[in-house]
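Asks: My structure is in model-v7.cif, and what it holds is mmCIF, C-alpha atoms and all ligand atoms:
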data_input
#
loop_
_atom_site.label_atom_id
_atom_site.label_comp_id
_atom_site.auth_asym_id
_atom_site.auth_seq_id
_atom_site.Cartn_x
_atom_site.Cartn_y
_atom_site.Cartn_z
CA MET Y 802 0.00 0.00 0.00
CA SER Y 803 1.31 3.44 -0.90
CA LEU Y 804 1.99 5.98 1.79
CA THR Y 805 -0.52 8.84 1.68
CA LEU Y 806 -1.22 11.73 4.03
CA ASP Y 807 -4.48 10.16 5.23
CA LEU Y 808 -3.28 6.56 5.57
CA PRO Y 809 -4.18 5.35 9.10
CA GLY Y 810 -1.08 4.31 11.02
CA TYR Y 811 0.91 4.79 14.18
CA LEU Y 812 2.62 7.90 15.49
CA ARG Y 813 5.49 7.91 17.95
CA ILE Y 814 5.80 11.27 19.68
CA THR Y 815 9.14 11.76 21.39
CA CYS Y 816 10.02 13.95 24.35
CA ALA Y 817 12.65 14.58 27.02
CA PRO Y 818 12.95 12.16 29.97
CA ALA Y 819 10.26 12.83 32.64
CA VAL Y 820 8.12 14.81 30.20
CA ALA Y 821 6.03 11.89 28.82
CA PRO Y 822 3.18 12.28 31.39
CA TYR Y 823 2.65 15.92 30.31
CA LEU Y 824 2.86 14.97 26.65
CA ALA Y 825 0.30 12.19 27.19
CA SER Y 826 -2.09 14.65 28.82
CA GLU Y 827 -1.70 17.04 25.86
CA LEU Y 828 -2.46 14.18 23.47
CA ALA Y 829 -5.48 13.07 25.50
CA ALA Y 830 -6.82 16.64 25.47
CA LEU Y 831 -6.48 16.62 21.68
CA GLY Y 832 -8.59 13.45 21.48
CA PHE Y 833 -5.85 10.83 21.04
CA LYS Y 834 -5.99 7.62 23.04
CA ALA Y 835 -2.62 7.82 24.72
CA PRO Y 836 -1.48 5.03 27.06
CA THR Y 837 -0.33 6.18 30.50
CA PRO Y 838 3.44 6.53 30.22
CA THR Y 839 5.97 6.16 32.99
CA GLU Y 840 8.32 8.99 33.85
CA ARG Y 841 11.16 6.99 32.26
CA ASP Y 842 9.49 6.86 28.83
CA THR Y 843 10.80 9.22 26.19
CA TRP Y 844 7.91 8.81 23.79
CA VAL Y 845 4.17 8.21 23.61
CA ASP Y 846 2.64 6.03 20.83
CA VAL Y 847 -0.81 6.83 19.41
CA GLU Y 848 -2.78 5.94 16.30
CA GLY Y 849 -2.89 8.62 13.64
CA THR Y 850 -2.22 9.75 10.08
CA LEU Y 851 0.37 12.08 8.59
CA ILE Y 852 -2.30 14.80 8.61
CA ASP Y 853 -2.57 14.26 12.38
CA ALA Y 854 1.24 14.54 12.47
CA MET Y 855 0.97 17.96 10.75
CA ARG Y 856 -1.53 19.14 13.37
CA LEU Y 857 0.54 17.79 16.25
CA ASN Y 858 3.68 19.49 14.89
CA LEU Y 859 1.82 22.76 15.34
CA GLN Y 860 -0.08 22.05 18.55
CA LEU Y 861 2.12 20.09 20.93
CA ARG Y 862 3.98 22.10 23.55
CA THR Y 863 6.11 19.41 25.20
CA ALA Y 864 7.07 17.11 22.27
CA TYR Y 865 10.44 16.87 20.53
CA ALA Y 866 9.22 15.21 17.33
CA VAL Y 867 6.27 13.49 15.70
CA LEU Y 868 7.24 10.27 13.88
CA PHE Y 869 5.10 8.17 11.52
CA LEU Y 870 5.70 4.41 11.51
CA LEU Y 871 6.77 3.27 8.02
CA ALA Y 872 7.74 -0.33 8.72
CA GLU Y 873 8.24 -2.78 11.53
CA PHE Y 874 10.19 -6.02 11.00
CA ARG Y 875 12.29 -8.70 12.65
CA CYS Y 876 15.94 -7.89 12.25
CA ASN Y 877 18.92 -9.85 13.54
CA ASP Y 878 21.82 -8.15 11.84
CA LEU Y 879 22.94 -5.33 9.56
CA GLU Y 880 22.43 -7.41 6.41
CA GLN Y 881 18.74 -7.91 7.24
CA LEU Y 882 18.49 -4.24 8.15
CA PHE Y 883 19.75 -3.31 4.68
CA GLU Y 884 17.51 -5.75 2.83
CA ARG Y 885 14.29 -4.93 4.65
CA THR Y 886 14.93 -1.19 4.39
CA ASN Y 887 15.77 -1.47 0.68
CA GLY Y 888 12.38 -3.17 0.08
CA ILE Y 889 10.43 -0.04 1.09
CA PRO Y 890 9.27 2.20 -1.82
CA TRP Y 891 11.25 5.27 -0.68
CA GLU Y 892 11.14 6.73 -4.18
CA GLU Y 893 7.43 7.45 -3.57
CA PHE Y 894 8.15 10.01 -0.86
CA VAL Y 895 11.88 10.88 -0.73
CA PRO Y 896 12.84 13.28 -3.55
CA ALA Y 897 15.78 11.97 -5.58
CA ASP Y 898 17.19 15.51 -5.67
CA GLY Y 899 16.49 16.07 -1.96
CA TYR Y 900 18.49 15.76 1.23
CA LEU Y 901 18.22 12.82 3.63
CA THR Y 902 19.16 12.38 7.28
CA VAL Y 903 19.01 9.08 9.14
CA ALA Y 904 19.08 8.95 12.94
CA SER Y 905 18.97 5.81 15.02
CA ARG Y 906 18.58 4.29 18.44
CA VAL Y 907 20.05 0.83 18.44
CA ASN Y 908 20.28 -1.84 21.09
CA ASN Y 909 21.31 -5.04 19.33
CA PRO Y 910 24.39 -7.18 20.14
CA SER Y 911 25.47 -7.32 16.47
CA VAL Y 912 25.89 -3.54 16.38
CA THR Y 913 28.80 -2.11 18.30
CA ASN Y 914 28.98 1.21 16.49
CA TRP Y 915 25.63 3.04 16.41
CA ASN Y 916 26.63 5.00 13.34
CA ILE Y 917 26.88 1.83 11.27
CA ALA Y 918 23.07 1.30 11.49
CA ASN Y 919 22.53 4.86 10.24
CA LEU Y 920 24.89 4.21 7.34
CA ARG Y 921 23.28 0.92 6.35
CA VAL Y 922 19.78 2.44 6.40
CA LYS Y 923 20.96 5.49 4.49
CA ASP Y 924 22.68 3.26 1.86
CA ALA Y 925 19.56 1.07 1.54
CA ILE Y 926 17.40 4.17 0.89
CA VAL Y 927 19.68 6.00 -1.53
CA ASP Y 928 20.57 2.81 -3.46
CA ARG Y 929 16.86 2.12 -3.95
CA ILE Y 930 16.14 5.67 -5.08
CA ALA Y 931 19.13 5.62 -7.44
CA GLU Y 932 17.86 2.38 -8.97
CA LYS Y 933 14.30 3.67 -9.41
CA ALA Y 934 14.88 7.34 -10.18
CA GLY Y 935 18.42 7.35 -11.60
CA ARG Y 936 19.75 9.72 -8.98
CA ARG Y 937 20.62 9.49 -5.29
CA PRO Y 938 19.65 12.12 -2.72
CA ASP Y 939 22.40 13.86 -0.77
CA SER Y 940 22.67 12.91 2.86
CA GLY Y 941 24.12 14.32 6.07
CA PRO Y 942 23.33 15.02 9.68
CA ASP Y 943 21.55 18.37 9.68
CA ARG Y 944 17.80 17.49 9.53
CA SER Y 945 17.04 20.13 6.95
CA GLY Y 946 15.40 17.67 4.54
CA VAL Y 947 13.73 14.28 4.90
CA VAL Y 948 14.51 12.68 8.28
CA VAL Y 949 14.22 8.92 8.83
CA GLN Y 950 14.43 7.54 12.35
CA VAL Y 951 15.45 3.96 13.23
CA TYR Y 952 14.51 2.24 16.50
CA TRP Y 953 16.16 -1.17 16.59
CA VAL Y 954 15.84 -2.91 19.92
CA GLY Y 955 16.69 -6.61 20.22
CA THR Y 956 15.30 -8.27 17.09
CA VAL Y 957 12.57 -5.71 16.38
CA CYS Y 958 13.33 -2.82 14.08
CA ARG Y 959 10.97 0.08 13.38
CA LEU Y 960 11.54 2.72 10.74
CA TYR Y 961 9.81 6.08 11.08
CA LEU Y 962 9.42 9.15 8.94
CA ASN Y 963 10.17 12.14 11.19
CA ALA Y 964 7.37 14.58 10.35
CA SER Y 965 8.95 17.35 12.44
CA GLY Y 966 12.53 17.45 11.10
CA ASN Y 967 14.31 19.79 13.49
CA LYS Y 968 13.11 19.35 17.06
CA LEU Y 969 9.85 21.03 17.96
CA ALA Y 970 11.57 22.82 20.86
CA ASP Y 971 12.92 25.19 18.21
CA ARG Y 972 9.75 27.25 17.96
CA GLY Y 973 11.38 30.08 16.05
CA TYR Y 974 10.88 32.90 18.56
CA ARG Y 975 14.15 32.65 20.46
CA ARG Y 976 16.46 34.47 18.11
CA MET Y 977 18.17 36.10 21.10
CA PRO Y 978 18.92 33.38 23.63
CA HIS Y 979 20.41 34.78 26.80
CA LEU Y 980 22.88 32.72 28.84
CA ALA Y 981 21.67 29.22 29.88
CA PRO Y 982 18.16 29.40 28.42
CA MET Y 983 15.67 26.65 29.21
CA GLN Y 984 14.46 24.60 26.27
CA GLU Y 985 11.00 25.73 25.14
CA THR Y 986 9.46 22.24 25.46
CA LEU Y 987 10.89 21.87 28.98
CA ALA Y 988 9.51 25.29 29.92
CA ALA Y 989 6.04 24.22 28.71
CA ALA Y 990 6.25 20.97 30.72
CA VAL Y 991 7.39 22.89 33.83
CA LEU Y 992 4.38 25.22 33.50
CA MET Y 993 2.07 22.21 33.14
CA ALA Y 994 3.66 20.60 36.21
CA ALA Y 995 3.09 23.88 38.07
CA GLU Y 996 -0.59 23.56 37.09
CA TYR Y 997 -0.52 26.83 35.20
CA THR Y 998 -3.81 27.24 33.36
CA GLY Y 999 -3.43 30.76 32.02
CA GLU Y 1000 -6.08 31.95 34.41
CA GLN Y 1001 -3.95 32.75 37.43
CA PRO Y 1002 -1.26 35.49 37.63
CA LEU Y 1003 2.25 34.26 36.87
CA VAL Y 1004 5.34 35.99 38.23
CA ASN Y 1005 8.68 34.87 36.78
CA PRO Y 1006 11.65 36.62 38.38
CA MET Y 1007 15.09 35.62 36.96
CA CYS Y 1008 13.34 35.21 33.59
CA GLY Y 1009 16.56 35.19 31.50
CA SER Y 1010 15.58 35.10 27.83
CA GLY Y 1011 11.91 34.87 28.83
CA THR Y 1012 11.18 31.27 27.80
CA LEU Y 1013 8.86 30.47 30.73
CA ALA Y 1014 6.93 33.73 30.42
CA ILE Y 1015 6.61 33.39 26.64
CA GLU Y 1016 5.45 29.76 26.83
CA ALA Y 1017 2.96 30.84 29.53
CA ALA Y 1018 1.63 33.61 27.29
CA LEU Y 1019 1.25 31.18 24.37
CA MET Y 1020 -0.70 28.83 26.67
CA ALA Y 1021 -2.83 31.58 28.19
CA SER Y 1022 -3.82 32.87 24.76
CA GLY Y 1023 -4.55 29.35 23.49
CA ARG Y 1024 -2.02 29.81 20.68
CA ALA Y 1025 -0.47 26.75 19.08
CA PRO Y 1026 3.31 27.01 19.63
CA GLY Y 1027 4.31 25.64 16.22
CA LEU Y 1028 2.55 28.30 14.18
CA LEU Y 1029 5.66 30.49 14.23
CA ARG Y 1030 7.55 27.83 12.34
CA THR Y 1031 7.17 27.11 8.64
CA ASP Y 1032 9.74 24.35 8.16
CA PHE Y 1033 8.87 20.78 9.18
CA GLY Y 1034 10.33 17.45 8.02
CA LEU Y 1035 7.18 16.41 6.22
CA SER Y 1036 7.27 19.47 3.96
CA HIS Y 1037 10.49 18.14 2.37
CA THR Y 1038 8.87 14.89 1.22
CA LEU Y 1039 7.04 14.24 -2.03
CA LEU Y 1040 3.88 13.85 0.08
CA HIS Y 1041 3.81 17.58 0.83
CA ASN Y 1042 0.55 19.13 -0.31
CA GLU Y 1043 0.46 22.90 0.12
CA GLU Y 1044 -3.33 23.10 0.08
CA ILE Y 1045 -3.76 20.53 2.86
CA TRP Y 1046 -0.90 22.07 4.86
CA GLN Y 1047 -2.43 25.56 4.69
CA SER Y 1048 -5.85 24.24 5.64
CA VAL Y 1049 -4.33 22.44 8.69
CA ARG Y 1050 -2.56 25.67 9.68
CA ARG Y 1051 -5.81 27.64 9.37
CA GLU Y 1052 -7.72 25.06 11.42
CA VAL Y 1053 -5.05 25.02 14.15
CA SER Y 1054 -4.80 28.80 14.31
CA ARG Y 1055 -8.57 29.01 14.91
CA ARG Y 1056 -8.80 26.26 17.52
CA PRO Y 1057 -7.67 27.00 21.09
CA ALA Y 1058 -4.67 24.80 21.86
CA VAL Y 1059 -4.48 22.20 24.59
CA VAL Y 1060 -3.65 24.13 27.73
CA GLY Y 1061 -5.11 27.52 28.57
CA SER Y 1062 -8.12 27.38 26.32
CA ALA Y 1063 -9.86 30.09 28.32
CA LEU Y 1064 -9.50 33.10 26.04
CA ARG Y 1065 -10.20 36.05 28.26
CA THR Y 1066 -10.72 39.72 27.58
CA THR Y 1067 -8.72 40.74 30.67
CA PRO Y 1068 -5.89 38.23 30.89
CA ALA Y 1069 -4.24 37.40 34.21
CA PRO Y 1070 -0.91 39.22 34.40
CA ILE Y 1071 2.38 37.61 33.43
CA ILE Y 1072 5.31 39.45 35.00
CA ALA Y 1073 8.90 38.67 34.00
CA THR Y 1074 11.93 40.31 35.60
CA ASP Y 1075 15.70 39.85 35.64
CA ILE Y 1076 18.61 41.72 37.19
CA ASP Y 1077 20.47 41.76 33.88
CA PRO Y 1078 19.25 44.41 31.38
CA ARG Y 1079 20.63 42.31 28.47
CA ALA Y 1080 18.39 39.41 29.54
CA ILE Y 1081 15.32 41.67 29.59
CA SER Y 1082 16.20 43.14 26.23
CA ALA Y 1083 16.56 39.60 24.76
CA ALA Y 1084 13.34 38.46 26.48
CA LYS Y 1085 11.40 41.45 25.09
CA GLN Y 1086 12.68 40.78 21.59
CA ASN Y 1087 11.83 37.06 21.87
CA ALA Y 1088 8.33 37.87 23.17
CA LYS Y 1089 7.83 40.27 20.28
CA THR Y 1090 8.88 37.60 17.77
CA ALA Y 1091 6.45 35.18 19.45
CA GLY Y 1092 3.69 37.82 19.18
CA VAL Y 1093 3.05 37.88 22.95
CA ASP Y 1094 4.99 40.99 24.05
CA ASN Y 1095 1.71 42.76 24.88
CA MET Y 1096 0.87 40.00 27.39
CA ILE Y 1097 4.04 40.21 29.49
CA GLN Y 1098 5.14 43.01 31.84
CA PHE Y 1099 8.95 43.12 31.85
CA ALA Y 1100 11.21 44.87 34.36
CA VAL Y 1101 14.91 44.98 35.18
CA CYS Y 1102 15.35 44.41 38.93
CA ASP Y 1103 16.65 42.13 41.62
CA PHE Y 1104 14.14 39.31 42.06
CA THR Y 1105 13.19 40.57 45.53
CA GLU Y 1106 12.00 43.84 43.98
CA THR Y 1107 9.57 42.15 41.57
CA LYS Y 1108 6.09 43.60 42.02
CA ILE Y 1109 3.75 40.89 43.33
CA PRO Y 1110 0.10 41.48 42.33
CA GLU Y 1111 -2.60 41.34 44.98
CA THR Y 1112 -4.49 38.36 43.52
CA PRO Y 1113 -2.36 35.32 44.33
CA GLY Y 1114 -1.04 33.00 41.64
CA ILE Y 1115 2.20 31.25 40.77
CA VAL Y 1116 5.69 32.62 41.34
CA LEU Y 1117 8.22 30.56 39.41
CA LEU Y 1118 12.00 30.96 39.47
CA ASN Y 1119 14.73 29.22 37.53
CA PRO Y 1120 17.91 30.40 39.25
CA GLU Y 1121 21.35 29.37 38.05
CA TYR Y 1122 22.44 26.15 39.71
CA GLY Y 1123 26.14 26.10 39.40
CA GLU Y 1124 26.53 23.59 36.56
CA ARG Y 1125 26.94 26.12 33.82
CA LEU Y 1126 26.86 29.52 35.41
CA GLY Y 1127 27.39 31.17 38.76
CA GLU Y 1128 29.61 30.56 41.72
CA ILE Y 1129 28.28 28.24 44.42
CA ALA Y 1130 28.98 30.62 47.35
CA THR Y 1131 27.08 33.48 45.70
CA LEU Y 1132 24.32 31.11 44.67
CA GLU Y 1133 23.93 29.83 48.24
CA LYS Y 1134 23.11 33.39 49.29
CA THR Y 1135 20.70 33.77 46.36
CA TYR Y 1136 18.81 30.57 47.28
CA ASP Y 1137 18.67 31.70 50.91
CA ARG Y 1138 17.16 35.01 49.72
CA ILE Y 1139 14.60 33.11 47.60
CA GLY Y 1140 13.34 31.49 50.83
CA ASP Y 1141 13.03 34.92 52.44
CA PHE Y 1142 11.33 36.37 49.36
CA PHE Y 1143 8.74 33.57 49.28
CA LYS Y 1144 8.04 33.87 52.99
CA LYS Y 1145 7.92 37.65 53.28
CA GLN Y 1146 6.55 38.76 49.92
CA CYS Y 1147 4.57 35.84 48.50
CA ALA Y 1148 2.10 34.87 51.25
CA GLY Y 1149 -0.93 33.19 49.66
CA TRP Y 1150 1.03 32.35 46.47
CA THR Y 1151 2.35 29.02 45.24
CA GLY Y 1152 6.11 29.24 44.80
CA TYR Y 1153 8.11 27.04 42.44
CA VAL Y 1154 11.87 26.76 42.01
CA PHE Y 1155 13.35 24.82 39.09
CA THR Y 1156 16.87 23.73 39.96
CA GLY Y 1157 19.45 21.06 39.18
CA ASN Y 1158 21.32 21.43 42.47
CA LYS Y 1159 19.75 19.86 45.55
CA ASP Y 1160 22.36 21.25 47.93
CA LEU Y 1161 21.54 24.78 46.81
CA ALA Y 1162 17.81 23.98 47.07
CA LYS Y 1163 18.30 23.22 50.79
CA LYS Y 1164 19.35 26.84 51.30
CA ILE Y 1165 15.77 27.90 50.60
CA ARG Y 1166 14.91 26.47 54.05
CA LEU Y 1167 11.22 25.99 53.37
CA THR Y 1168 9.46 22.63 53.19
CA ALA Y 1169 8.67 21.68 49.58
CA SER Y 1170 5.24 20.09 49.24
CA ARG Y 1171 6.28 18.43 45.96
CA ARG Y 1172 9.56 17.64 44.23
CA ILE Y 1173 8.74 17.03 40.59
CA PRO Y 1174 11.50 15.33 38.57
CA PHE Y 1175 12.82 16.74 35.29
CA TRP Y 1176 15.98 16.56 33.21
CA ASN Y 1177 17.68 19.56 31.66
CA ALA Y 1178 19.95 17.97 29.04
CA LYS Y 1179 22.01 15.56 31.19
CA ILE Y 1180 21.32 17.30 34.49
CA GLU Y 1181 18.74 15.77 36.82
CA CYS Y 1182 16.54 18.60 38.06
CA ARG Y 1183 13.58 19.14 40.35
CA LEU Y 1184 10.68 21.54 40.24
CA LEU Y 1185 10.14 22.30 43.93
CA LYS Y 1186 6.72 23.44 45.05
CA TYR Y 1187 6.19 25.67 48.10
CA GLU Y 1188 2.75 26.59 49.39
CA MET Y 1189 3.15 29.99 50.98
CA TYR Y 1190 0.62 30.47 53.76
CA GLN Y 1191 0.53 33.44 56.09
CA GLY Y 1192 2.99 32.49 58.80
CA THR Y 1193 4.90 29.79 56.80
CA ARG Y 1194 8.03 29.09 58.84
CA ARG Y 1195 11.57 28.70 57.52
CA LYS Y 1196 13.78 25.93 58.85
CA PRO Y 1197 16.65 27.13 61.04
CA LYS Y 1198 19.96 27.33 59.13
CA ASP Y 1199 21.49 24.30 60.90
CA GLU Y 1200 18.45 22.09 60.09
CA ALA Y 1201 18.51 22.94 56.39
C1 LIG L 1301 19.27 30.09 34.57
S1 LIG L 1301 18.96 31.70 34.06
C2 LIG L 1301 17.22 31.67 33.66
C3 LIG L 1301 17.01 31.11 32.30
C4 LIG L 1301 15.59 31.26 31.81
N1 LIG L 1301 14.69 30.27 32.39
C5 LIG L 1301 15.55 31.16 30.29
O1 LIG L 1301 14.89 30.26 29.75
O2 LIG L 1301 16.22 31.95 29.62
C6 LIG L 1301 18.95 32.62 35.55
C7 LIG L 1301 18.72 34.09 35.40
O3 LIG L 1301 18.68 34.68 36.72
C8 LIG L 1301 19.16 36.01 36.63
N2 LIG L 1301 19.55 36.42 37.99
C9 LIG L 1301 20.62 36.01 38.72
N3 LIG L 1301 20.61 36.62 39.92
C10 LIG L 1301 19.51 37.42 39.97
C11 LIG L 1301 18.95 38.28 40.95
N4 LIG L 1301 19.53 38.46 42.14
N5 LIG L 1301 17.79 38.92 40.67
C12 LIG L 1301 17.20 38.75 39.46
N6 LIG L 1301 17.70 37.96 38.48
C13 LIG L 1301 18.84 37.29 38.73
C14 LIG L 1301 20.31 35.91 35.65
O4 LIG L 1301 20.57 37.19 35.06
C15 LIG L 1301 19.78 34.87 34.65
O5 LIG L 1301 19.19 35.52 33.54
#
Would you write out, as structure tokens, the structure that this file holds?
Ligand SMILES: C[S@@+](CC[C@H](N)C(=O)[O-])C[C@H]1O[C@@H](n2cnc3c(N)ncnc32)[C@H](O)[C@@H]1O
Replies:
Amino acid sequence: MSLTLDLPGYLRITCAPAVAPYLASELAALGFKAPTPTERDTWVDVEGTLIDAMRLNLQLRTAYAVLFLLAEFRCNDLEQLFERTNGIPWEEFVPADGYLTVASRVNNPSVTNWNIANLRVKDAIVDRIAEKAGRRPDSGPDRSGVVVQVYWVGTVCRLYLNASGNKLADRGYRRMPHLAPMQETLAAAVLMAAEYTGEQPLVNPMCGSGTLAIEAALMASGRAPGLLRTDFGLSHTLLHNEEIWQSVRREVSRRPAVVGSALRTTPAPIIATDIDPRAISAAKQNAKTAGVDNMIQFAVCDFTETKIPETPGIVLLNPEYGERLGEIATLEKTYDRIGDFFKKQCAGWTGYVFTGNKDLAKKIRLTASRRIPFWNAKIECRLLKYEMYQGTRRKPKDEA
């Protein structure tokens, strides 16, 4: 059967470690039957077509990539990998004059060098296209054309067409990243973990390049995060149909996206501050590119001077945690001041701190009611939740 945009099949939607539960809830809200993932999963599988993949490319906030299953077969070694891959009619959807990237995840005893599986799959595809179309596509690592993804675990091999191409975290608004920015998809998952709905005020001191505030504004306005981007993997295949693509974009831009569907006339405030004027200038520019600058109040100030609105909401900080920036001794003082700030200025609010350093987190000296696991690249992190009641007590310094 030929591959078409509306052929029913299976989608694998990938994400960062610990993010799968948030991704599954996005998919469920969009009407997909998503199995309950564990925190260790780095993907969620659902049924769907390539047209669904187009929609999901635009709508999902926490996903890395949307993959469409092309083939699944038993595979014991590289020779079988080549033969089975070569039997797929690639010439029907990979342009002979196009550009191809193959990426793989392999766990099979016959493969000691992961790159060899990529090479065999790439050779099987380009040899087939050369035989059928008289010309072989160029290939390389940069995901700017057709991207094929291999998952070969034990004796089961699955080949996917990556409908996203470059990872969906690259929304296209962060042209001015400040130092140590948080990935956009991680920021969206952190906001979902903080139960941000777009209806409560959000204060984000230490906003850096503004990722959390911008993702919050996109959620609060029900805007699909992928609409800023025009380039997706699927658009480089022969299956691309401009009319269908534009109609999917129109449909998605009309429909409120998954989180924050409450489109209000007077939105709850989003306040983003940072001590570094260059960070605020980058954040403002990024928010403008994202089309949400009118929804965020920016200010340059120490985090303790951030104006806290009267109606309580969420106050969310992502301080440096000593892996990439900042000196530990200075940071210890900063974390200690965060505890003071929460206690003295944020009574009635829910405080969150996203950090990858548990020793520094102890300096906050407040009892976290939740410690939600995340990963920032290779760093294990926690989103710490603090309920700030009138009279919340800090632990004495020696107990912390
Ligand atoms: C890890 S970065 C935040 C990154 C941000 N989440 C993003 O996606 O770009 C920490 C930020 O805290 C800011 N910062 C450090 N000390 C501060 C202070 N005392 N008051 C306010 N901001 C501070 C830094 O300028 C930096 O931009």
Asks: Which protein, DNA or RNA residues have an atom within 6 Å of ligand LIG 1301 (chain L), counting all atoms listed in the file, as a PDB file with C-alpha atoms, in the coordinates of the input?
Replies:
ATOM      1  CA  HIS Y 979      20.410  34.780  26.800  1.00  0.00           C
ATOM      2  CA  ALA Y 981      21.670  29.220  29.880  1.00  0.00           C
ATOM      3  CA  PRO Y 982      18.160  29.400  28.420  1.00  0.00           C
ATOM      4  CA  MET Y 983      15.670  26.650  29.210  1.00  0.00           C
ATOM      5  CA  MET Y1007      15.090  35.620  36.960  1.00  0.00           C
ATOM      6  CA  CYS Y1008      13.340  35.210  33.590  1.00  0.00           C
ATOM      7  CA  GLY Y1009      16.560  35.190  31.500  1.00  0.00           C
ATOM      8  CA  SER Y1010      15.580  35.100  27.830  1.00  0.00           C
ATOM      9  CA  GLY Y1011      11.910  34.870  28.830  1.00  0.00           C
ATOM     10  CA  THR Y1012      11.180  31.270  27.800  1.00  0.00           C
ATOM     11  CA  ASP Y1075      15.700  39.850  35.640  1.00  0.00           C
ATOM     12  CA  ILE Y1076      18.610  41.720  37.190  1.00  0.00           C
ATOM     13  CA  ASP Y1077      20.470  41.760  33.880  1.00  0.00           C
ATOM     14  CA  ALA Y1080      18.390  39.410  29.540  1.00  0.00           C
ATOM     15  CA  CYS Y1102      15.350  44.410  38.930  1.00  0.00           C
ATOM     16  CA  ASP Y1103      16.650  42.130  41.620  1.00  0.00           C
ATOM     17  CA  PHE Y1104      14.140  39.310  42.060  1.00  0.00           C
ATOM     18  CA  ASN Y1119      14.730  29.220  37.530  1.00  0.00           C
ATOM     19  CA  PRO Y1120      17.910  30.400  39.250  1.00  0.00           C
ATOM     20  CA  GLU Y1121      21.350  29.370  38.050  1.00  0.00           C
TER      21      GLU Y1121
END
Asks: Using all atoms listed in the file, can you list as a VMD selection string the residues within 6 Å of (20.3, -6.4, 18.3)?
Replies: chain Y and resid 908 to 911 954 to 956
Asks: Considering only C-alpha atoms, return as number ranges by chain whatever protein or nucleic-acid residues lie within 9 Å of Val847 (chain Y), sequence-local ones (same chain, fewer than 2 positions apart) excluded.
Replies: Y: 810-814, 828, 833-836, 845, 849
Asks: Could you check how far CA of Thr1105 (chain Y) sits from CA of Lys1134 (chain Y), in Å to one decimal?
Replies: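 Computing the Euclidean distance for CA of Thr1105 (chain Y) and CA of Lys1134 (chain Y) yields 12.8 Å.
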Asks: May I ask which of the residues Y:Asp1141, Y:Glu1181, Y:Asp846, Y:Glu873 is the closest one to Trp953 (chain Y), counting only C-alpha atoms?
Replies: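 Under the stated criterion, the closest residue is Y:Glu873.
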Asks: Measuring between only C-alpha atoms, which one of Y:Ala1069, Y:Ala970, Y:Leu1013, Y:Leu920 shows the shortest distance to Arg1030 (chain Y)?
Replies: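 Closest residue, counting only C-alpha atoms: Y:Ala970.
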Asks: Rank nothing, just name the residue among Y:Arg972, Y:Thr1112, Y:Asp1032, Y:Gly1192 nearest to Ala1088 (chain Y), using only C-alpha atoms.
Replies: Y:Arg972
Asks: Would you compute the box with edges along x, y and z of the file around region 1136-1152 of chain Y, including every atom the file lists for it and 6 Å extra on each side, and give its centre and edge lengths in Å to one decimal, as JSON?
Replies:
{"center_x": 8.9, "center_y": 33.9, "center_z": 49.0, "size_x": 31.7, "size_y": 21.7, "size_z": 20.5}
Asks: Between Y:Ala864, Y:Ala931, Y:Val947, Y:Leu1029, which is the closest to Glu985 (chain Y) once you count all atoms listed in the file?
Replies: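 Result for the nearest residue to Glu985 (chain Y): Y:Ala864.
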Asks: Which residue, Y:His1037, Y:Arg1183, Y:Lys1108, Y:Lys933, has the smallest gap to Thr1074 (chain Y) when you use all atoms listed in the file?
Replies: Y:Lys1108
Asks: For a quick check of understanding, using only C-alpha atoms, which of Y:Gly999, Y:Pro1197, Y:Pro1174, Y:Gly941 has the smallest distance to Ala819 (chain Y)?
Replies: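 So, comparing all the options, the nearest one is Y:Pro1174.
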Asks: Rounded to one decimal place, report the CA of Pro1006 (chain Y)-CA of Ile1081 (chain Y) distance in Å.
Replies: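 Between these atoms lies a distance of 10.8 Å.
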Asks: Using all atoms listed in the file and a cutoff of 9 Å, can you tell me which residues are near (2.7, 25.7, 21.1) in the file's coordinates, and write them out as a list in words?
Replies: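 The residues that fall inside the cut-off are Asn858, Leu859, Gln860, Leu861, Arg862, Thr863, Arg972, Thr986, Ala989, Glu1016, Leu1019, Met1020, Gly1023, Arg1024, Ala1025, Pro1026, Gly1027, Leu1028, Leu1029, Ala1058 and Val1059 of chain Y.
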